[in-house]
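Comments concern the structure below.
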Amino acid sequence: MQRDILGLADRLSSRYGGLVRIPVPGTKIFLATDADLIHFVLVESERSFTKGPQNKHFVPLLGRGLVLSTGAHWKQQRRMMNPFFSSAAINGFSGHLFASIDDVLTPWKNLIGSEIDVYAEMRKLTLQIILRSLFSGQGLEYGERLFQSFNLLSEFCIRRFFSVMPLPLSLAYILRPAAKRAYNDLQSMLESLIESRRNENNSSSRTDLLSMLMEARDEETGRPMSNQEIRDELMTIFFAGFDTTSVGLSMSLYLLSQNPEWRDSLESEADQKVSGLIPTVEETRGFDKITKAFMESIRLYPPAYMINRCPIEDVQYADYTLPAGSVVLISIWGVQRSPHYWSDPPRFNPDRFSEESERHRHRFAYIPFGGGPRVCLGKNLALLEGSMILGAILKSFRLTHRRDHVLHIKTGSTLTVANGMPMRLEARH
Ligand code: HEM
């Protein structure tokens, strides 16, 4: 099922409609691509649903961090973290964004005329941004090691997530000692980052998430977070916030190279609105077409292509019963490409995000960041980051996808590009 989950979503929903039971013996799995139903699950009846049981396979990586936690613990953590991700608060990250964009794009000037792997470059860039945002400069020392251990453990968790009969965790670790080593390595790296920060005399002068998490207090109880809670939230933000944005950016650059008329018009916008080489936050917030192009790219290629929920009691929806303990797979890919809500769905058209078009569309037909109380915490940051990076690239460079390269999308815990994205780099000026 993992190999063709996107094709399956398309086929089942076009043949049987917006709610389909997937025929896997011994399971009760439903696939949802109907915007009303998705609204019902994520908003109207969200109290009757919890995160699907399969998610437990990510516990070694994410612990009780926001993505996995439920109930009172989730509520408390979300309350503590919400303020750091508000539209105003993320202005504080602009220095990290700026420095990382500069670090990755400046060397491009020496690569003009050659081919670069845009997916690898975007991963490098978003990795830097997340490391700087989490730990300021300290994270970069650990960069490569953190990245390797994280990838290894994440791959291990994904296999278990999609496995029909996963072994108990302790046994799986014995068979895959490298995964256990990666787990221990991540624990000790984060522990030492947290401890060294606790020992700093003037840690409050840092504008990174680690400091914010350490200073956060629950507004009702006044309680600070424990080291383990901080570690779980750091891993969660790392997991949720880096490859998602890099895929969104890579697909935007790919789609622009396939749609030169849009690329030309976005380049003009960058020329008009970006005064230096890298847009400021204010300039980025003034973008129109560039932001819409990023939004359209994550419509066509939603980095979080599927999310899941599990009814905690029998839930009635129209003529259907969603039984307690079943799994509802919400196909973000499916609803964002459904002809019920989009005309000519496969066509790249950023104008779909004009005020007029949005007014006439079902609000839950476009949910790249999920919806309801568990909507993506990093949504504002991701939109700002995506538009700012696109603006910087469009201002100085032009990228053309190699003709004989066939793009291969892979479905892991998020959408990824399996075979890289070779593009020819040219200077615009
Ligand atoms: C284009 C980039 C991104 C996409 C498409 C995306 C998508 C999503 C989606 C669909 C969810 C909801 C999951 C669910 O309901 O089960 C989610 C949750 C989350 N995202 Fe993002 N995300 C992106 C970037 C980020 C960034 C940059 C961060 C942080 C720096 C972040 C942090 C989180 C967290 C912490 C949650 C869990 C929220 C909760 O359950 O309360 N995401 N994201």
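Ligands are numbered from 1 in the order shown, residues from 1 within each chain, and chains are lettered A, B, ... in the order they appear in the structure tokens.
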
Grab me every residue within 6 Å of ligand 1, counting only C-alpha atoms and all ligand atoms, and send it over as a ChimeraX atom specification.
-> /A:66-67,78,237,240-241,244-245,248,302-304,307,368-370,374-379,381-382

Run DSSP on the backbone of this structure and report the residues of region 76-322 of chain A it assigns to strand (DSSP E), as a ChimeraX atom specification.
-> /A:115-117,306-311,315-317,320-322

Suppose you want the space between CA of Met421 (chain A) and CA of Ser250 (chain A); what is it in Å?
->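 Computing it gives 7.7 Å between the two atoms.
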
Which residue gives the smallest distance to Met251 (chain A) among A:Val164, A:Ile409, A:Met225, A:Met306, with only C-alpha atoms counted?
->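 Residue with the minimum atom-to-atom distance to Met251 (chain A): A:Ile409.
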
Could you pull out the residues in region 346-389 of chain A that DSSP calls alpha helix (DSSP H) from the backbone, as a list in words?
-> Glu355, Glu356, Ser357, Glu358, Arg359, Lys379, Asn380, Leu381, Ala382, Leu383, Leu384, Glu385, Gly386, Ser387, Met388 and Ile389 of chain A

Can you work out which one of A:Ser252, A:Asp351, A:Leu37, A:Ala88 has the shortest atom-to-atom distance to Gln316 (chain A), counting only C-alpha atoms?
->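 Checking each of A:Ser252, A:Asp351, A:Leu37, A:Ala88 against Gln316 (chain A), counting only C-alpha atoms, the winner is A:Leu37.
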
Neighbour list for region 4-7 of chain A as a ChimeraX atom specification, cut-off 8 Å, only C-alpha atoms, skip fewer than 6 positions in-chain = /A:333-334,411

Just the residues within 7 Å of region 143-150 of chain A, please, counting only C-alpha atoms, with nothing from its chain fewer than 6 positions along; format it as an mmCIF file with N, CA and C atoms, in the first residue's frame.
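New file result-v2.cif:
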```cif
data_model
loop_
_atom_site.group_PDB
_atom_site.id
_atom_site.type_symbol
_atom_site.label_atom_id
_atom_site.label_comp_id
_atom_site.auth_asym_id
_atom_site.auth_seq_id
_atom_site.Cartn_x
_atom_site.Cartn_y
_atom_site.Cartn_z
ATOM 1 N N ALA A 182 21.372 5.240 16.939
ATOM 2 C CA ALA A 182 20.917 6.574 16.505
ATOM 3 C C ALA A 182 20.030 7.204 17.576
ATOM 4 N N ASP A 185 22.201 8.327 20.404
ATOM 5 C CA ASP A 185 22.992 9.465 19.958
ATOM 6 C C ASP A 185 22.147 10.752 20.008
ATOM 7 N N LEU A 186 20.914 10.650 19.499
ATOM 8 C CA LEU A 186 20.036 11.828 19.501
ATOM 9 C C LEU A 186 19.741 12.280 20.926
#
```

For Lys124 (chain A), list every protein, DNA or RNA residue within 12 Å, evaluated using only C-alpha atoms, and leave out those in the same chain fewer than 2 positions away; present the list as a PyMOL selection string.
-> chain A and resi 100-101+103-105+117-122+126-131+140+143-144+147+242-243+245-247+249-250

Just write the chosen residues, N, CA and C atoms, as a JSON list (two decimals), in the first residue's frame.
```json
[["chain", "number", "residue", "atom", "x", "y", "z"],
["A", 100, "SER", "N", 20.93, 31.88, 6.81],
["A", 100, "SER", "CA", 20.95, 30.56, 6.15],
["A", 100, "SER", "C", 20.82, 30.72, 4.63],
["A", 101, "ILE", "N", 19.93, 31.61, 4.21],
["A", 101, "ILE", "CA", 19.74, 31.81, 2.75],
["A", 101, "ILE", "C", 21.06, 32.29, 2.15],
["A", 103, "ASP", "N", 24.11, 31.85, 3.31],
["A", 103, "ASP", "CA", 25.10, 30.76, 3.37],
["A", 103, "ASP", "C", 24.95, 29.78, 2.20],
["A", 104, "VAL", "N", 23.71, 29.45, 1.86],
["A", 104, "VAL", "CA", 23.49, 28.42, 0.83],
["A", 104, "VAL", "C", 23.48, 29.02, -0.57],
["A", 105, "LEU", "N", 22.93, 30.22, -0.74],
["A", 105, "LEU", "CA", 22.82, 30.75, -2.11],
["A", 105, "LEU", "C", 24.10, 31.46, -2.59],
["A", 117, "ASP", "N", 21.66, 19.76, -7.76],
["A", 117, "ASP", "CA", 20.52, 18.98, -7.29],
["A", 117, "ASP", "C", 19.71, 19.91, -6.37],
["A", 118, "VAL", "N", 18.63, 20.43, -6.91],
["A", 118, "VAL", "CA", 17.85, 21.44, -6.19],
["A", 118, "VAL", "C", 17.24, 20.87, -4.91],
["A", 119, "TYR", "N", 16.86, 19.60, -4.93],
["A", 119, "TYR", "CA", 16.28, 19.01, -3.72],
["A", 119, "TYR", "C", 17.33, 18.95, -2.61],
["A", 120, "ALA", "N", 18.56, 18.54, -2.96],
["A", 120, "ALA", "CA", 19.63, 18.48, -1.95],
["A", 120, "ALA", "C", 19.92, 19.89, -1.42],
["A", 121, "GLU", "N", 19.91, 20.88, -2.31],
["A", 121, "GLU", "CA", 20.20, 22.26, -1.89],
["A", 121, "GLU", "C", 19.10, 22.79, -0.96],
["A", 122, "MET", "N", 17.86, 22.48, -1.29],
["A", 122, "MET", "CA", 16.75, 22.98, -0.45],
["A", 122, "MET", "C", 16.74, 22.29, 0.91],
["A", 126, "THR", "N", 16.92, 24.36, 4.33],
["A", 126, "THR", "CA", 15.89, 24.31, 5.39],
["A", 126, "THR", "C", 16.45, 23.65, 6.65],
["A", 127, "LEU", "N", 17.42, 22.75, 6.48],
["A", 127, "LEU", "CA", 18.07, 22.15, 7.66],
["A", 127, "LEU", "C", 18.81, 23.23, 8.45],
["A", 128, "GLN", "N", 19.54, 24.08, 7.73],
["A", 128, "GLN", "CA", 20.24, 25.18, 8.42],
["A", 128, "GLN", "C", 19.26, 26.07, 9.15],
["A", 129, "ILE", "N", 18.15, 26.40, 8.47],
["A", 129, "ILE", "CA", 17.18, 27.30, 9.10],
["A", 129, "ILE", "C", 16.63, 26.69, 10.38],
["A", 130, "ILE", "N", 16.29, 25.40, 10.31],
["A", 130, "ILE", "CA", 15.68, 24.81, 11.50],
["A", 130, "ILE", "C", 16.72, 24.69, 12.62],
["A", 131, "LEU", "N", 17.99, 24.36, 12.26],
["A", 131, "LEU", "CA", 19.02, 24.25, 13.30],
["A", 131, "LEU", "C", 19.30, 25.61, 13.94],
["A", 140, "LEU", "N", 24.56, 24.06, 14.63],
["A", 140, "LEU", "CA", 25.31, 23.79, 13.40],
["A", 140, "LEU", "C", 26.51, 22.89, 13.68],
["A", 143, "GLY", "N", 25.26, 19.61, 13.36],
["A", 143, "GLY", "CA", 24.46, 19.47, 12.15],
["A", 143, "GLY", "C", 24.47, 18.10, 11.50],
["A", 144, "GLU", "N", 25.62, 17.68, 10.99],
["A", 144, "GLU", "CA", 25.70, 16.46, 10.19],
["A", 144, "GLU", "C", 25.31, 15.23, 11.01],
["A", 147, "PHE", "N", 21.65, 15.14, 11.80],
["A", 147, "PHE", "CA", 20.95, 14.84, 10.56],
["A", 147, "PHE", "C", 21.00, 13.32, 10.26],
["A", 242, "PHE", "N", 11.37, 20.53, 8.70],
["A", 242, "PHE", "CA", 12.49, 20.75, 7.80],
["A", 242, "PHE", "C", 12.29, 20.12, 6.42],
["A", 243, "ASP", "N", 11.98, 18.81, 6.37],
["A", 243, "ASP", "CA", 11.83, 18.23, 5.03],
["A", 243, "ASP", "C", 10.52, 18.65, 4.37],
["A", 245, "THR", "N", 9.21, 21.66, 4.34],
["A", 245, "THR", "CA", 9.43, 22.93, 3.62],
["A", 245, "THR", "C", 10.35, 22.72, 2.43],
["A", 246, "SER", "N", 11.35, 21.82, 2.58],
["A", 246, "SER", "CA", 12.28, 21.63, 1.46],
["A", 246, "SER", "C", 11.56, 20.99, 0.26],
["A", 247, "VAL", "N", 10.62, 20.09, 0.53],
["A", 247, "VAL", "CA", 9.86, 19.49, -0.58],
["A", 247, "VAL", "C", 8.98, 20.56, -1.24],
["A", 249, "LEU", "N", 9.49, 23.70, -1.45],
["A", 249, "LEU", "CA", 10.33, 24.60, -2.26],
["A", 249, "LEU", "C", 10.81, 23.91, -3.53],
["A", 250, "SER", "N", 11.25, 22.66, -3.40],
["A", 250, "SER", "CA", 11.75, 21.94, -4.58],
["A", 250, "SER", "C", 10.66, 21.82, -5.62]]
```

Could you state the separation of CA of Trp108 (chain A) and CA of Phe397 (chain A) in Å, given to one decimal place?
->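 About the pair CA of Trp108 (chain A) and CA of Phe397 (chain A): they are 8.8 Å apart.
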
Which of these, A:Gly17, A:Pro23, A:Pro350, A:Pro53, has the shortest distance to Asp288 (chain A) once you count only C-alpha atoms?
->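 Distance minimum relative to Asp288 (chain A) lands on A:Pro350.
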
Give the answer as one residue: which of A:Glu283, A:Asp232, A:Asp344, A:Asp271 has the shortest atom-to-atom distance to Gly63 (chain A), using only C-alpha atoms?
->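 Selected residue with least distance to Gly63 (chain A): A:Asp232.
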
Length of the CA of Arg64 (chain A) to CA of Ala172 (chain A) vector [Å] |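 Straight-line distance from CA of Arg64 (chain A) to CA of Ala172 (chain A) works out to 20.5 Å.
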
For region 253-270 of chain A, please output as a PDB file with N, CA and C atoms, in the first residue's frame all residues within 6 Å (counting only C-alpha atoms; exclusion window: fewer than 5 positions along the same chain).
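Contents of part-v5.pdb, freshly written:
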```
ATOM      1  N   ILE A 290       4.344  35.322  -5.812  1.00  0.00           N
ATOM      2  CA  ILE A 290       5.347  34.364  -5.309  1.00  0.00           C
ATOM      3  C   ILE A 290       4.731  33.498  -4.205  1.00  0.00           C
ATOM      4  N   GLY A 391      11.708  34.091  -3.296  1.00  0.00           N
ATOM      5  CA  GLY A 391      12.000  35.477  -3.703  1.00  0.00           C
ATOM      6  C   GLY A 391      13.494  35.667  -3.928  1.00  0.00           C
ATOM      7  N   LEU A 394      14.521  33.723  -7.158  1.00  0.00           N
ATOM      8  CA  LEU A 394      14.001  34.337  -8.389  1.00  0.00           C
ATOM      9  C   LEU A 394      14.688  35.660  -8.709  1.00  0.00           C
ATOM     10  N   LYS A 395      15.138  36.355  -7.658  1.00  0.00           N
ATOM     11  CA  LYS A 395      15.782  37.649  -7.901  1.00  0.00           C
ATOM     12  C   LYS A 395      17.104  37.474  -8.663  1.00  0.00           C
ATOM     13  N   THR A 400      16.517  25.472 -14.573  1.00  0.00           N
ATOM     14  CA  THR A 400      15.797  24.735 -15.609  1.00  0.00           C
ATOM     15  C   THR A 400      15.961  23.237 -15.374  1.00  0.00           C
TER      16      THR A 400
END
```

For Leu19 (chain A), find every residue with an atom within 7 Å (counting only C-alpha atoms), except residues of its own chain fewer than 5 positions away, and show them as a compact mmCIF listing (two decimals) with N, CA and C atoms, in the first residue's frame.
```
# COMPACT_ATOMS: atom_id res chain seq x y z
N PHE A 30 -10.45 3.61 6.53
CA PHE A 30 -11.25 4.41 5.59
C PHE A 30 -10.36 5.49 4.98
N LEU A 31 -10.68 5.81 3.74
CA LEU A 31 -9.93 6.87 3.07
C LEU A 31 -10.89 8.03 2.82
N ALA A 32 -10.52 9.22 3.30
CA ALA A 32 -11.43 10.37 3.17
C ALA A 32 -10.84 11.41 2.23
N THR A 33 -11.62 11.79 1.22
CA THR A 33 -11.21 12.88 0.32
C THR A 33 -12.33 13.90 0.16
N ASP A 34 -13.36 13.78 0.98
CA ASP A 34 -14.50 14.69 0.89
C ASP A 34 -14.30 15.83 1.89
```

Selected residue of minimal separation from Asn184 (chain A) among A:Gly113, A:Pro60, A:Gly222, A:Gly95, counting only C-alpha atoms |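 Using only C-alpha atoms, the shortest distance to Asn184 (chain A) belongs to A:Pro60.
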